[in-house]
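One structure below.
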Amino acid sequence: MIFSKRDRVAIYFDGNNTYNKLKGLGLPERSQRFSFAKFAAHLVGEDRELVSKRYYVGIVRNHDNSEKGEAFVKGQQKFLDGLRTDGFDVKPGRIMYDGKDRIREKGVDVKLAVDLVIGAADDMYDVAIVVSSDTDLIPAIKYVRNGKNKVVEYIGFAGMPSIGMVKECNTQRLFSKEDLLPFQVDKPSLA
């Protein structure tokens, strides 16, 4: 009897990129939150094995010691704790504040690219699902595909796909707002 090997899948979420794409689609809707766990399970499907799910994000600080800043820090920590509870490995980066209310993430894309390459080199996965439209990841994706013969799936968002990511990945799936609605769940009540 011959058994076929199930593909091992690792998922890499670029947190800020995904947040901004979802926000552009008007998601999550009011009184809802987006379930990254349900979305990840959908992306993997039933015929493959999930071996890793990672979420890369810059960690906010209350740089101006304001109430608004403190609320933002607490909100992000609650969100990240929820991801950890759902089995995500949260990979923190830094946030730089330039004094003009402009915020920049530092180190997040590099961490994602390095982990993508190390995972391929260590034969951790057969398929990498990359949820990001950031073309800075393309050199790592090329190495993973061409140097390590791994499959890379690009997950993007309809109406705003990255042509570079579509071109460089083995496959792509673009999700519209309607496609993403089933991954919303009710926020827990405060009572």
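How things are named: the first chain in the structure tokens is A, the next is B, and so on; residues count from 1 in each chain; ligands count from 1 in the order shown.
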
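Excluding segment 106-122 of chain A itself and same-chain residues fewer than 3 positions from it, the residues having an atom within 8 Å of it are Tyr12, Asp14, Tyr56, Val57, Gly58, Lys91, Pro92, Gly93, Arg94, Ile95, Met96, Tyr125, Asp126, Ala128, Asp136, Leu137, Ala140, Ile141, Tyr143, Val144, Lys148 and Lys150 of chain A, counting only C-alpha atoms.
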
Generate a file of the selected residues that holds N, CA and C atoms, formatted as a JSON list (two decimals), in the first residue's frame.
[["chain", "number", "residue", "atom", "x", "y", "z"],
["A", 12, "TYR", "N", 2.94, 32.61, 6.74],
["A", 12, "TYR", "CA", 3.66, 33.81, 7.15],
["A", 12, "TYR", "C", 2.75, 35.02, 6.91],
["A", 14, "ASP", "N", 2.25, 38.97, 7.18],
["A", 14, "ASP", "CA", 2.81, 40.31, 7.38],
["A", 14, "ASP", "C", 1.69, 41.12, 8.03],
["A", 56, "TYR", "N", 3.94, 38.55, 11.89],
["A", 56, "TYR", "CA", 5.03, 39.52, 12.03],
["A", 56, "TYR", "C", 4.45, 40.92, 12.16],
["A", 57, "VAL", "N", 4.86, 41.64, 13.20],
["A", 57, "VAL", "CA", 4.27, 42.96, 13.44],
["A", 57, "VAL", "C", 5.20, 43.83, 14.27],
["A", 58, "GLY", "N", 5.17, 45.12, 13.97],
["A", 58, "GLY", "CA", 5.88, 46.09, 14.80],
["A", 58, "GLY", "C", 5.11, 46.30, 16.09],
["A", 91, "LYS", "N", 5.98, 37.29, 15.88],
["A", 91, "LYS", "CA", 7.35, 37.73, 15.65],
["A", 91, "LYS", "C", 7.38, 39.26, 15.69],
["A", 92, "PRO", "N", 7.88, 39.81, 16.80],
["A", 92, "PRO", "CA", 7.83, 41.27, 16.95],
["A", 92, "PRO", "C", 8.94, 42.00, 16.21],
["A", 93, "GLY", "N", 8.58, 43.14, 15.68],
["A", 93, "GLY", "CA", 9.53, 44.07, 15.10],
["A", 93, "GLY", "C", 9.45, 45.36, 15.90],
["A", 94, "ARG", "N", 10.12, 46.37, 15.42],
["A", 94, "ARG", "CA", 10.12, 47.65, 16.11],
["A", 94, "ARG", "C", 9.27, 48.65, 15.34],
["A", 95, "ILE", "N", 8.83, 49.66, 16.06],
["A", 95, "ILE", "CA", 8.14, 50.79, 15.43],
["A", 95, "ILE", "C", 8.97, 52.03, 15.73],
["A", 96, "MET", "N", 9.20, 52.81, 14.70],
["A", 96, "MET", "CA", 9.95, 54.06, 14.84],
["A", 96, "MET", "C", 8.96, 55.22, 14.65],
["A", 125, "TYR", "N", 9.08, 22.98, 5.77],
["A", 125, "TYR", "CA", 7.81, 22.98, 5.05],
["A", 125, "TYR", "C", 8.01, 22.59, 3.60],
["A", 126, "ASP", "N", 6.89, 22.21, 2.97],
["A", 126, "ASP", "CA", 6.85, 21.96, 1.53],
["A", 126, "ASP", "C", 6.25, 23.16, 0.81],
["A", 128, "ALA", "N", 5.00, 27.27, 1.45],
["A", 128, "ALA", "CA", 4.95, 28.49, 2.27],
["A", 128, "ALA", "C", 3.81, 29.35, 1.74],
["A", 136, "ASP", "N", 9.34, 43.54, -1.19],
["A", 136, "ASP", "CA", 10.65, 43.37, -0.57],
["A", 136, "ASP", "C", 10.93, 41.90, -0.27],
["A", 137, "LEU", "N", 9.89, 41.08, -0.24],
["A", 137, "LEU", "CA", 10.04, 39.65, 0.05],
["A", 137, "LEU", "C", 10.45, 38.83, -1.18],
["A", 140, "ALA", "N", 13.76, 36.63, -1.26],
["A", 140, "ALA", "CA", 13.64, 35.44, -0.42],
["A", 140, "ALA", "C", 12.75, 34.41, -1.10],
["A", 141, "ILE", "N", 11.66, 34.86, -1.70],
["A", 141, "ILE", "CA", 10.74, 33.94, -2.39],
["A", 141, "ILE", "C", 11.45, 33.27, -3.57],
["A", 143, "TYR", "N", 14.62, 32.60, -3.85],
["A", 143, "TYR", "CA", 15.54, 31.60, -3.30],
["A", 143, "TYR", "C", 14.78, 30.35, -2.86],
["A", 144, "VAL", "N", 13.69, 30.55, -2.16],
["A", 144, "VAL", "CA", 12.89, 29.43, -1.65],
["A", 144, "VAL", "C", 12.38, 28.58, -2.81],
["A", 148, "LYS", "N", 15.54, 26.02, -3.30],
["A", 148, "LYS", "CA", 15.11, 24.94, -2.40],
["A", 148, "LYS", "C", 13.91, 24.16, -2.92],
["A", 150, "LYS", "N", 10.77, 24.78, -3.14],
["A", 150, "LYS", "CA", 9.56, 24.83, -2.32],
["A", 150, "LYS", "C", 8.48, 25.58, -3.10]]

Test item: residues at most 6 Å from segment 27-38 of chain A, only C-alpha atoms, excluding those fewer than 4 positions along its chain, as number ranges by chain: A: 22-23, 183-187

Atoms to include: C-alpha atoms. Write the selected residues as a tab-separated table (two decimals), in the first residue's frame.
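The resulting out_39.tsv:
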chain	number	residue	atom	x	y	z
A	22	LEU	CA	-8.31	44.44	5.39
A	23	LYS	CA	-8.95	48.01	6.51
A	183	PHE	CA	-13.71	34.88	8.76
A	184	GLN	CA	-15.28	37.58	10.90
A	185	VAL	CA	-16.44	36.60	14.36
A	186	ASP	CA	-18.31	38.53	17.03
A	187	LYS	CA	-16.19	40.45	19.48

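For Ile138 of chain A, the residues within 9 Å (counting only C-alpha atoms, excluding itself and residues fewer than 6 positions away along the chain) are Ala113, Gly164, Met165, Glu168 and Cys169 of chain A.
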
Closest of A:Arg6, A:Arg54, A:Lys21, A:His42 to Pro182 of chain A - atom-to-atom distances counting only C-alpha atoms: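 Result for the nearest residue to Pro182 of chain A: A:His42.
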
Those of segment 8-50 of chain A in DSSP strand (DSSP E or B), formatted as a list in words: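 Those in segment 8-50 of chain A that DSSP calls strand (DSSP E or B) are Arg8, Val9, Ala10, Ile11, Tyr12, Phe13, Asp14, Gln32, Arg33, Phe34, Glu49 and Leu50 of chain A.
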
Take the residues from that selection and write them out as an mmCIF file, in the first residue's frame, keeping C-alpha atoms.
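Wrote result-v3.cif, looks like this:
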data_model
loop_
_atom_site.group_PDB
_atom_site.id
_atom_site.type_symbol
_atom_site.label_atom_id
_atom_site.label_comp_id
_atom_site.auth_asym_id
_atom_site.auth_seq_id
_atom_site.Cartn_x
_atom_site.Cartn_y
_atom_site.Cartn_z
ATOM 1 C CA ARG A 8 3.563 20.486 5.177
ATOM 2 C CA VAL A 9 2.464 24.120 5.173
ATOM 3 C CA ALA A 10 3.899 27.147 6.947
ATOM 4 C CA ILE A 11 1.962 30.422 6.924
ATOM 5 C CA TYR A 12 3.657 33.814 7.153
ATOM 6 C CA PHE A 13 1.409 36.815 7.886
ATOM 7 C CA ASP A 14 2.809 40.306 7.378
ATOM 8 C CA GLN A 32 -16.689 42.042 14.622
ATOM 9 C CA ARG A 33 -13.082 40.944 14.632
ATOM 10 C CA PHE A 34 -11.170 39.091 11.941
ATOM 11 C CA GLU A 49 -0.701 19.685 7.368
ATOM 12 C CA LEU A 50 -0.158 23.016 9.104
#

Counting only C-alpha atoms, the residue of A:Asn20, A:Ser133, A:Gln76, A:Asn146 that sits nearest Gln172 of chain A: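 Of A:Asn20, A:Ser133, A:Gln76, A:Asn146, the one nearest Gln172 of chain A, counting only C-alpha atoms, is A:Ser133.
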
Between atom CA of Ile103 of chain A and atom CA of Glu67 of chain A, distance in Å (one decimal): 17.8 Å

Between atom CA of Leu83 of chain A and atom CA of Glu105 of chain A, distance in Å (one decimal): 19.5 Å

Pairwise distance for atom CA of Met160 of chain A and atom CA of Phe175 of chain A, rounded to one decimal in Å: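 Going from atom CA of Met160 of chain A over to atom CA of Phe175 of chain A covers 9.9 Å.
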
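Take the candidates A:Ile59, A:Ile163, A:Met124, A:Leu80 and check each one against Asp7 of chain A using only C-alpha atoms; the shortest distance goes to A:Met124.
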
Backbone-only DSSP, helix (DSSP H, G or I) members of segment 17-136 of chain A, as a PyMOL selection string: chain A and resi 17-24+36-44+67-85+108-121+135-136

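Of the residues listed (A:Gly15, A:Ile129, A:Lys53, A:Asp134), A:Ile129 shows the shortest atom-to-atom separation from Asn170 of chain A; distances use only C-alpha atoms.
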
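Among the candidate residues A:Pro161, A:Gly26, A:Gly69, A:Gly156, the one lying nearest to Val131 of chain A is A:Gly156, with distances computed using only C-alpha atoms.
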
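Candidate residues A:Val127, A:Ser132, A:Asp86, A:Pro139 were compared for distance to Val151 of chain A, and the nearest is A:Val127, using only C-alpha atoms.
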